[in-house]
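So this one's my_file-v7.txt, compact mmCIF, C-alpha atoms:
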# COMPACT_ATOMS: atom_id res chain seq x y z
CA MET A 1 5.79 44.97 11.64
CA ALA A 2 2.32 43.53 11.01
CA LYS A 3 2.17 39.93 9.99
CA ARG A 4 1.00 39.49 6.41
CA ILE A 5 -2.21 37.53 6.06
CA THR A 6 -2.30 35.36 2.94
CA PRO A 7 -5.28 33.42 1.51
CA ALA A 8 -3.65 30.18 2.69
CA THR A 9 -3.38 31.57 6.23
CA GLU A 10 -7.03 32.60 6.22
CA ARG A 11 -8.08 29.15 4.96
CA ALA A 12 -6.04 27.43 7.66
CA ALA A 13 -7.56 29.69 10.32
CA ARG A 14 -11.10 28.87 9.14
CA ILE A 15 -10.38 25.14 9.20
CA ALA A 16 -8.93 25.39 12.70
CA ALA A 17 -11.94 27.37 13.93
CA LYS A 18 -14.30 24.83 12.39
CA GLU A 19 -12.46 21.96 14.08
CA ARG A 20 -12.65 23.74 17.47
CA SER A 21 -16.36 24.35 17.09
CA THR A 22 -17.15 20.80 16.02
CA SER A 23 -18.76 18.67 18.72
CA PRO A 24 -16.73 15.70 20.02
CA VAL A 25 -16.98 12.52 17.95
CA SER A 26 -18.81 9.67 19.65
CA PRO A 27 -16.86 6.46 20.37
CA ALA A 28 -18.96 4.54 17.84
CA LYS A 29 -18.22 7.03 15.05
CA ALA A 30 -14.53 7.08 15.96
CA ALA A 31 -14.42 3.27 15.83
CA TRP A 32 -16.19 3.28 12.46
CA ARG A 33 -13.67 5.77 11.07
CA ARG A 34 -10.78 3.59 12.21
CA LEU A 35 -12.44 0.52 10.73
CA ARG A 36 -13.02 2.24 7.38
CA ARG A 37 -9.30 2.99 7.12
CA ASN A 38 -8.58 -0.76 7.38
CA LYS A 39 -8.97 -1.76 3.73
CA ALA A 40 -8.50 -5.48 4.39
CA ALA A 41 -11.24 -5.52 7.04
CA MET A 42 -13.63 -3.58 4.80
CA ALA A 43 -13.00 -5.94 1.88
CA ALA A 44 -13.59 -8.88 4.21
CA GLY A 45 -16.82 -7.26 5.36
CA VAL A 46 -18.03 -7.01 1.75
CA VAL A 47 -17.34 -10.73 1.20
CA ILE A 48 -19.17 -11.58 4.44
CA VAL A 49 -22.18 -9.53 3.33
CA ILE A 50 -22.23 -11.46 0.03
CA LEU A 51 -22.11 -14.76 1.93
CA LEU A 52 -24.95 -13.60 4.17
CA ILE A 53 -27.04 -12.66 1.14
CA CYS A 54 -26.39 -16.12 -0.32
CA ALA A 55 -27.41 -17.68 2.99
CA VAL A 56 -30.67 -15.73 3.15
CA PHE A 57 -31.68 -16.03 -0.51
CA PRO A 58 -30.21 -19.29 -1.85
CA ALA A 59 -33.34 -20.26 -3.80
CA GLN A 60 -33.26 -16.94 -5.67
CA LEU A 61 -29.49 -16.94 -6.35
CA ALA A 62 -28.68 -20.59 -7.02
CA PRO A 63 -29.31 -21.66 -10.64
CA TYR A 64 -30.31 -25.17 -9.50
CA GLY A 65 -31.60 -26.89 -6.38
CA PHE A 66 -29.08 -28.15 -3.86
CA ASP A 67 -30.03 -31.80 -4.62
CA GLU A 68 -31.12 -31.49 -8.24
CA GLN A 69 -29.46 -34.42 -10.01
CA ASN A 70 -28.74 -34.94 -13.69
CA TYR A 71 -26.61 -38.02 -14.33
CA ALA A 72 -26.17 -37.02 -17.98
CA VAL A 73 -23.84 -34.16 -16.91
CA ALA A 74 -22.05 -35.92 -14.02
CA PHE A 75 -18.35 -35.03 -13.65
CA THR A 76 -18.71 -32.06 -16.00
CA ALA A 77 -15.76 -29.68 -15.83
CA PRO A 78 -16.46 -25.96 -15.31
CA TYR A 79 -17.92 -24.24 -18.34
CA LYS A 80 -20.63 -21.69 -19.20
CA GLU A 81 -23.73 -23.61 -18.06
CA TYR A 82 -21.98 -24.98 -14.96
CA PRO A 83 -19.41 -22.33 -13.93
CA LEU A 84 -17.93 -24.52 -11.16
CA GLY A 85 -18.69 -27.90 -12.73
CA THR A 86 -20.82 -30.76 -11.46
CA ASP A 87 -20.23 -33.60 -9.02
CA ASN A 88 -20.57 -37.39 -9.34
CA LEU A 89 -24.37 -37.16 -9.22
CA GLY A 90 -24.64 -34.35 -11.76
CA ARG A 91 -25.41 -31.68 -9.16
CA ASP A 92 -24.28 -28.12 -9.84
CA ILE A 93 -21.41 -27.29 -7.48
CA LEU A 94 -22.06 -23.53 -7.57
CA SER A 95 -25.65 -24.10 -6.45
CA ARG A 96 -24.56 -26.42 -3.66
CA ILE A 97 -21.97 -23.89 -2.45
CA ILE A 98 -24.64 -21.17 -2.36
CA TRP A 99 -27.06 -23.43 -0.49
CA GLY A 100 -24.23 -24.59 1.78
CA SER A 101 -23.55 -21.02 2.87
CA ARG A 102 -26.88 -21.05 4.74
CA MET A 103 -25.98 -24.15 6.75
CA SER A 104 -22.37 -23.12 7.46
CA LEU A 105 -23.25 -19.57 8.56
CA ILE A 106 -26.17 -20.76 10.69
CA ILE A 107 -23.86 -23.16 12.51
CA GLY A 108 -21.13 -20.55 12.95
CA ILE A 109 -23.41 -17.73 14.15
CA VAL A 110 -25.80 -19.75 16.33
CA SER A 111 -22.99 -21.68 18.02
CA VAL A 112 -21.26 -18.40 18.88
CA VAL A 113 -24.47 -16.85 20.24
CA VAL A 114 -25.18 -19.88 22.46
CA GLY A 115 -21.56 -20.12 23.59
CA LEU A 116 -21.55 -16.39 24.35
CA LEU A 117 -24.72 -16.57 26.42
CA LEU A 118 -23.49 -19.48 28.52
CA GLY A 119 -19.86 -18.40 28.76
CA GLY A 120 -20.71 -14.73 29.27
CA ILE A 121 -23.00 -15.45 32.22
CA LEU A 122 -20.47 -17.82 33.81
CA GLY A 123 -17.60 -15.37 33.31
CA ALA A 124 -19.57 -12.40 34.64
CA VAL A 125 -20.74 -14.31 37.72
CA ALA A 126 -17.22 -15.56 38.42
CA ALA A 127 -15.72 -12.06 38.14
CA PHE A 128 -18.47 -10.33 40.12
CA TYR A 129 -18.61 -12.66 43.13
CA GLY A 130 -14.98 -13.83 43.14
CA GLY A 131 -13.69 -16.12 45.87
CA ARG A 132 -14.85 -19.73 45.78
CA VAL A 133 -17.42 -19.05 43.07
CA ASP A 134 -14.68 -17.75 40.80
CA ASP A 135 -12.36 -20.65 41.67
CA VAL A 136 -14.96 -23.34 40.95
CA ILE A 137 -16.21 -21.86 37.67
CA MET A 138 -12.83 -21.03 36.23
CA ARG A 139 -11.22 -24.34 37.22
CA VAL A 140 -13.97 -26.11 35.30
CA MET A 141 -13.33 -23.78 32.36
CA ASP A 142 -9.61 -24.56 32.61
CA VAL A 143 -10.36 -28.26 32.23
CA PHE A 144 -12.26 -27.58 29.01
CA LEU A 145 -9.57 -25.17 27.78
CA ALA A 146 -6.95 -27.88 28.21
CA ILE A 147 -8.67 -29.81 25.41
CA PRO A 148 -8.23 -28.42 21.86
CA ASN A 149 -11.40 -26.82 20.53
CA MET A 150 -11.80 -29.19 17.60
CA LEU A 151 -11.09 -32.26 19.71
CA LEU A 152 -13.62 -31.19 22.34
CA ALA A 153 -16.32 -30.62 19.71
CA LEU A 154 -15.42 -33.95 18.11
CA GLY A 155 -15.88 -35.80 21.40
CA ILE A 156 -19.20 -34.10 22.14
CA ALA A 157 -20.52 -34.70 18.61
CA ALA A 158 -19.47 -38.36 18.75
CA SER A 159 -21.34 -38.74 22.05
CA LEU A 160 -24.52 -36.96 20.93
CA GLY A 161 -24.69 -38.32 17.39
CA THR A 162 -25.06 -36.69 14.00
CA GLY A 163 -27.50 -33.95 13.04
CA LEU A 164 -27.73 -30.17 12.95
CA TRP A 165 -28.82 -29.60 16.56
CA ASN A 166 -26.20 -31.94 18.01
CA LEU A 167 -23.55 -30.25 15.88
CA LEU A 168 -24.65 -26.81 17.08
CA LEU A 169 -24.58 -27.93 20.70
CA ALA A 170 -21.13 -29.51 20.35
CA ILE A 171 -19.56 -26.39 18.85
CA ALA A 172 -21.38 -24.07 21.28
CA ILE A 173 -20.10 -25.99 24.31
CA SER A 174 -16.57 -25.87 22.94
CA ASN A 175 -16.89 -22.05 22.70
CA VAL A 176 -18.05 -21.54 26.30
CA PRO A 177 -14.63 -21.55 28.04
CA ARG A 178 -13.14 -18.89 25.76
CA PHE A 179 -16.06 -16.53 26.16
CA ALA A 180 -16.08 -17.12 29.91
CA ARG A 181 -12.41 -16.13 30.12
CA ILE A 182 -12.83 -12.99 28.03
CA VAL A 183 -15.96 -11.79 29.83
CA ARG A 184 -14.44 -12.51 33.25
CA SER A 185 -11.35 -10.44 32.40
CA SER A 186 -13.41 -7.52 31.09
CA VAL A 187 -15.87 -7.57 34.01
CA MET A 188 -13.04 -7.64 36.55
CA THR A 189 -11.59 -4.54 34.90
CA ASN A 190 -14.93 -2.69 34.88
CA LYS A 191 -15.94 -3.79 38.38
CA SER A 192 -13.76 -1.15 39.98
CA MET A 193 -15.03 1.70 37.78
CA GLU A 194 -16.91 4.66 39.23
CA PHE A 195 -20.19 3.91 37.44
CA VAL A 196 -20.38 0.55 39.25
CA GLU A 197 -19.76 2.23 42.60
CA ALA A 198 -22.47 4.79 41.80
CA ALA A 199 -24.96 2.07 40.86
CA THR A 200 -24.14 0.19 44.06
CA ALA A 201 -24.59 3.35 46.13
CA ILE A 202 -28.14 3.87 44.85
CA GLY A 203 -29.07 0.30 45.75
CA ALA A 204 -28.80 -1.57 42.43
CA SER A 205 -29.13 -5.35 42.83
CA ASN A 206 -26.37 -7.75 41.84
CA GLY A 207 -28.33 -8.91 38.80
CA ARG A 208 -28.80 -5.33 37.62
CA LEU A 209 -25.12 -4.56 38.13
CA ILE A 210 -24.12 -7.58 36.04
CA PHE A 211 -26.63 -7.37 33.20
CA LYS A 212 -27.27 -3.61 33.02
CA HIS A 213 -23.83 -2.18 33.77
CA LEU A 214 -20.96 -4.66 33.60
CA LEU A 215 -21.85 -6.78 30.58
CA PRO A 216 -22.89 -3.86 28.30
CA ASN A 217 -19.58 -2.16 29.05
CA SER A 218 -17.70 -5.35 28.12
CA LEU A 219 -19.04 -5.55 24.57
CA ALA A 220 -15.87 -4.52 22.70
CA PRO A 221 -13.81 -7.69 23.41
CA ILE A 222 -16.96 -9.81 23.13
CA ILE A 223 -17.70 -8.51 19.61
CA VAL A 224 -14.15 -9.18 18.48
CA GLN A 225 -14.08 -12.69 19.92
CA GLY A 226 -17.55 -13.38 18.54
CA THR A 227 -16.47 -12.48 15.00
CA ILE A 228 -13.39 -14.68 15.23
CA GLY A 229 -15.49 -17.38 16.92
CA ILE A 230 -17.79 -17.55 13.88
CA ALA A 231 -14.77 -18.42 11.74
CA SER A 232 -13.76 -21.08 14.24
CA GLY A 233 -17.33 -22.43 14.31
CA ILE A 234 -17.47 -22.70 10.51
CA LEU A 235 -14.13 -24.50 10.43
CA CYS A 236 -15.20 -26.85 13.21
CA ALA A 237 -18.53 -27.61 11.51
CA CYS A 238 -16.83 -28.32 8.20
CA GLY A 239 -14.31 -30.57 9.93
CA LEU A 240 -16.97 -32.57 11.75
CA SER A 241 -19.08 -32.88 8.59
CA PHE A 242 -15.98 -34.03 6.71
CA LEU A 243 -15.52 -36.78 9.29
CA GLY A 244 -19.18 -37.79 9.03
CA LEU A 245 -20.26 -36.42 12.44
CA GLY A 246 -22.00 -33.29 11.23
CA ILE A 247 -24.50 -32.51 8.50
CA GLN A 248 -25.61 -35.58 6.58
CA PRO A 249 -26.48 -35.95 2.85
CA PRO A 250 -28.30 -34.78 0.85
CA THR A 251 -28.14 -31.41 2.65
CA ALA A 252 -25.56 -29.10 1.09
CA GLU A 253 -22.72 -28.19 3.47
CA TRP A 254 -19.17 -27.22 2.55
CA GLY A 255 -17.37 -29.79 4.70
CA MET A 256 -19.64 -32.60 3.60
CA MET A 257 -19.07 -31.59 -0.04
CA LEU A 258 -15.34 -32.02 0.50
CA SER A 259 -15.85 -35.38 2.16
CA SER A 260 -17.98 -36.78 -0.67
CA ALA A 261 -15.54 -35.51 -3.33
CA ARG A 262 -12.23 -36.62 -1.82
CA GLN A 263 -12.15 -39.89 -3.79
CA TYR A 264 -12.29 -37.88 -7.03
CA ILE A 265 -9.58 -35.39 -6.13
CA ARG A 266 -7.15 -36.60 -8.82
CA SER A 267 -9.53 -36.97 -11.73
CA ASN A 268 -12.07 -34.19 -10.99
CA TRP A 269 -10.18 -31.42 -9.23
CA TRP A 270 -13.07 -28.90 -9.28
CA MET A 271 -15.18 -31.01 -6.91
CA VAL A 272 -12.82 -30.31 -3.99
CA THR A 273 -11.14 -27.09 -5.12
CA PHE A 274 -14.14 -24.75 -5.11
CA PRO A 275 -15.69 -25.89 -1.78
CA GLY A 276 -12.22 -25.70 -0.22
CA ILE A 277 -11.66 -22.17 -1.54
CA THR A 278 -15.07 -21.14 -0.20
CA ILE A 279 -14.23 -22.44 3.29
CA MET A 280 -10.83 -20.70 3.22
CA LEU A 281 -12.38 -17.44 2.01
CA ALA A 282 -15.14 -17.43 4.63
CA ILE A 283 -12.80 -18.21 7.53
CA GLY A 284 -10.16 -15.75 6.35
CA CYS A 285 -12.69 -12.93 5.95
CA PHE A 286 -14.18 -13.42 9.41
CA ASN A 287 -10.68 -13.42 10.91
CA LEU A 288 -9.72 -10.26 9.01
CA LEU A 289 -12.90 -8.53 10.12
CA GLY A 290 -12.25 -9.62 13.70
CA ASP A 291 -8.73 -8.16 13.56
CA GLY A 292 -10.10 -4.94 12.12
CA LEU A 293 -12.75 -4.67 14.82
CA ARG A 294 -10.14 -5.30 17.50
CA ASP A 295 -8.07 -2.37 16.24
CA ALA A 296 -11.11 -0.14 15.73
CA LEU A 297 -12.61 -0.79 19.17
CA ASP A 298 -9.30 -0.43 21.01
CA PRO A 299 -9.47 2.96 22.81
CA ARG A 300 -5.70 3.27 22.54
CA MET A 301 -5.96 3.48 18.75
CA LYS A 302 -6.09 7.18 17.90
CA GLY A 303 -6.93 8.99 14.74
For the file at hand, write its structure as structure tokens.
Amino acid sequence: MAKRITPATERAARIAAKERSTSPVSPAKAAWRRLRRNKAAMAAGVVIVILLICAVFPAQLAPYGFDEQNYAVAFTAPYKEYPLGTDNLGRDILSRIIWGSRMSLIIGIVSVVVGLLLGGILGAVAAFYGGRVDDVIMRVMDVFLAIPNMLLALGIAASLGTGLWNLLLAIAISNVPRFARIVRSSVMTNKSMEFVEAATAIGASNGRLIFKHLLPNSLAPIIVQGTIGIASGILCACGLSFLGLGIQPPTAEWGMMLSSARQYIRSNWWMVTFPGITIMLAIGCFNLLGDGLRDALDPRMKG
């Protein structure tokens, strides 16, 4: 007896044929599809894009200058003209938060980039050469890892002094051991792959093997750690500025805003509440995006 062909059966057959004829999806597109299904990571990405826009165009977005003072409206609670209120010097808190996004994101991103460059090179060299080179580099990294990240940055900043460049250097150095560990682990895994053996067989130099083959194929864990490291860098910068070892007045920076407003926390709650919420939101969004990227870039995640 012949099998009856229904419209639904024909439609299913066409869909199956189309799927068989479709070319394989690239790893980047597959990762993007997995990331898009993570609603929390996508929402965090939108918030991060808004923060980046504020950091790039603060003069166009902020209603007032970051240090524009008006003592007549000092300690003004949030209302229409000043949506987040004003501080003890009559400065608009919303404007200072927008301007502060530039400083906080610069510190977080640049410190991660510098830490990645230094730690990535050290980790790749340690994994590639092994032996005594690996022992010496990683034992030094272990010494730094034994010290909490914030405490290490605090000690370096206290030794170097205040200022933007010293703060960047302090946070970057504190990031080096973690990137060195991650890159070393990834390079050791990739070192035994066939593409490395093929490059070695055709006479590729050690430098080319490291920078052209091993490091580019170790980007997935580096991207994830870099995203989470930006959140850590922002938190560290805000903490150091709060303690007086980071950005100095009158420059707008979230941690410094909290520090200058702490004596008014009981009488003028908005002066500490809104900068604190901004710090929490920025750090949380970078962490959520990092978690989403980790799941999206994991080759074991299917679908």
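Between atom CA of A:Phe75 and atom CA of A:Gln60 the separation is 24.8 Å.
Counting from atom CA of A:Leu35, the distance to atom CA of A:Gly292 is 6.1 Å.
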**Report entry** For stretch 222-226 of chain A: contacts at 7 Å, all atoms listed in the file, fewer than 5 positions along chain excluded, given as JSON, numbers by chain
**Finding:** {"A": [112, 290, 293, 294]}
Kindly export the residues of the current selection with C-alpha atoms, as a PDB file, in the coordinates of the input.
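Done, and the output landed in result-v5.pdb:
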ATOM      1  CA  VAL A 112     -21.260 -18.400  18.880  1.00  0.00           C
ATOM      2  CA  GLY A 290     -12.250  -9.620  13.700  1.00  0.00           C
ATOM      3  CA  LEU A 293     -12.750  -4.670  14.820  1.00  0.00           C
ATOM      4  CA  ARG A 294     -10.140  -5.300  17.500  1.00  0.00           C
TER       5      ARG A 294
END
Requested in this report: Kindly provide, as JSON, numbers by chain, the polymer residues lying within 9 Å of (-23.6, -25.8, 9.1), counting only C-alpha atoms and using the coordinates exactly as they appear in the file.
Outcome: {"A": [100, 101, 102, 103, 104, 105, 106, 107, 108, 164, 167, 168, 233, 234, 237, 238, 241, 246, 247, 252, 253, 254, 255]}
Query raised in the report: With distances taken over all atoms listed in the file, which of A:Arg33, A:Arg178, A:Lys80, A:Lys39 is nearest to A:Ile228?
Result: A:Arg178
Around all the atoms of stretch 279-282 of chain A listed in the file, with 8 Å of room on each side, what axis-aligned box do you get, giving centre and edge lengths in Å to one decimal, as lines of an AutoDock Vina configuration file?
center_x = -13.0
center_y = -19.9
center_z = 3.3
size_x = 20.3
size_y = 21.0
size_z = 18.6
What would stretch 27-38 of chain A look like with all heavy atoms in place, written as a CSV table (one decimal), in the frame of the given file?
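Contents of the output file selection-v2.csv:
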chain,number,residue,atom,x,y,z
A,27,PRO,N,-17.7,7.6,20.5
A,27,PRO,CA,-16.9,6.5,20.4
A,27,PRO,C,-17.2,5.6,19.2
A,27,PRO,O,-16.4,5.0,18.5
A,27,PRO,CB,-17.0,5.8,21.7
A,27,PRO,CG,-17.5,6.8,22.7
A,27,PRO,CD,-18.3,7.8,21.9
A,28,ALA,N,-18.5,5.4,18.9
A,28,ALA,CA,-19.0,4.5,17.8
A,28,ALA,C,-18.5,5.1,16.5
A,28,ALA,O,-18.0,4.4,15.6
A,28,ALA,CB,-20.5,4.4,17.9
A,29,LYS,N,-18.6,6.4,16.3
A,29,LYS,CA,-18.2,7.0,15.0
A,29,LYS,C,-16.7,7.0,14.9
A,29,LYS,O,-16.2,6.7,13.8
A,29,LYS,CB,-18.7,8.5,15.0
A,29,LYS,CG,-20.2,8.6,14.8
A,29,LYS,CD,-20.6,10.1,14.6
A,29,LYS,CE,-22.1,10.2,14.4
A,29,LYS,NZ,-22.5,11.7,14.2
A,30,ALA,N,-16.0,7.2,16.0
A,30,ALA,CA,-14.5,7.1,16.0
A,30,ALA,C,-14.1,5.7,15.6
A,30,ALA,O,-13.2,5.5,14.8
A,30,ALA,CB,-13.9,7.5,17.3
A,31,ALA,N,-14.8,4.7,16.2
A,31,ALA,CA,-14.4,3.3,15.8
A,31,ALA,C,-14.7,3.0,14.4
A,31,ALA,O,-13.9,2.3,13.7
A,31,ALA,CB,-15.2,2.3,16.7
A,32,TRP,N,-15.8,3.5,13.9
A,32,TRP,CA,-16.2,3.3,12.5
A,32,TRP,C,-15.2,3.9,11.5
A,32,TRP,O,-14.8,3.4,10.5
A,32,TRP,CB,-17.6,3.8,12.2
A,32,TRP,CG,-18.0,3.8,10.7
A,32,TRP,CD1,-18.3,4.9,10.0
A,32,TRP,CD2,-18.1,2.7,9.9
A,32,TRP,NE1,-18.6,4.6,8.7
A,32,TRP,CE2,-18.5,3.2,8.6
A,32,TRP,CE3,-18.0,1.3,10.0
A,32,TRP,CZ2,-18.7,2.4,7.5
A,32,TRP,CZ3,-18.2,0.5,8.9
A,32,TRP,CH2,-18.6,1.0,7.7
A,33,ARG,N,-14.7,5.1,11.9
A,33,ARG,CA,-13.7,5.8,11.1
A,33,ARG,C,-12.4,5.0,11.0
A,33,ARG,O,-11.8,4.8,10.0
A,33,ARG,CB,-13.4,7.2,11.6
A,33,ARG,CG,-14.5,8.2,11.4
A,33,ARG,CD,-14.2,9.5,12.0
A,33,ARG,NE,-15.2,10.5,11.7
A,33,ARG,CZ,-15.2,11.7,12.2
A,33,ARG,NH1,-14.1,12.2,12.8
A,33,ARG,NH2,-16.2,12.6,12.0
A,34,ARG,N,-12.0,4.4,12.2
A,34,ARG,CA,-10.8,3.6,12.2
A,34,ARG,C,-11.0,2.3,11.4
A,34,ARG,O,-10.1,1.9,10.7
A,34,ARG,CB,-10.4,3.3,13.7
A,34,ARG,CG,-9.9,4.4,14.4
A,34,ARG,CD,-9.2,4.0,15.8
A,34,ARG,NE,-10.2,3.5,16.7
A,34,ARG,CZ,-10.8,4.2,17.6
A,34,ARG,NH1,-10.5,5.5,17.7
A,34,ARG,NH2,-11.7,3.7,18.4
A,35,LEU,N,-12.2,1.7,11.5
A,35,LEU,CA,-12.4,0.5,10.7
A,35,LEU,C,-12.4,0.8,9.2
A,35,LEU,O,-11.9,0.0,8.4
A,35,LEU,CB,-13.8,-0.1,11.2
A,35,LEU,CG,-14.2,-1.4,10.5
A,35,LEU,CD1,-13.2,-2.5,10.8
A,35,LEU,CD2,-15.6,-1.8,10.9
A,36,ARG,N,-13.0,1.9,8.8
A,36,ARG,CA,-13.0,2.2,7.4
A,36,ARG,C,-11.6,2.4,6.8
A,36,ARG,O,-11.4,2.2,5.6
A,36,ARG,CB,-13.8,3.5,7.1
A,36,ARG,CG,-15.3,3.3,7.2
A,36,ARG,CD,-16.0,4.6,6.7
A,36,ARG,NE,-15.6,5.8,7.4
A,36,ARG,CZ,-16.1,7.0,7.1
A,36,ARG,NH1,-16.9,7.1,6.1
A,36,ARG,NH2,-15.7,8.0,7.8
A,37,ARG,N,-10.7,2.8,7.6
A,37,ARG,CA,-9.3,3.0,7.1
A,37,ARG,C,-8.6,1.6,6.9
A,37,ARG,O,-7.5,1.6,6.3
A,37,ARG,CB,-8.5,3.9,8.1
A,37,ARG,CG,-8.9,5.4,8.0
A,37,ARG,CD,-7.8,6.2,8.6
A,37,ARG,NE,-7.7,6.0,10.0
A,37,ARG,CZ,-8.4,6.8,10.9
A,37,ARG,NH1,-9.2,7.7,10.5
A,37,ARG,NH2,-8.2,6.6,12.2
A,38,ASN,N,-9.2,0.6,7.5
A,38,ASN,CA,-8.6,-0.8,7.4
A,38,ASN,C,-9.2,-1.4,6.1
A,38,ASN,O,-10.3,-2.0,6.1
A,38,ASN,CB,-8.9,-1.6,8.6
A,38,ASN,CG,-8.1,-2.9,8.7
A,38,ASN,OD1,-7.8,-3.5,7.6
A,38,ASN,ND2,-7.8,-3.3,9.9
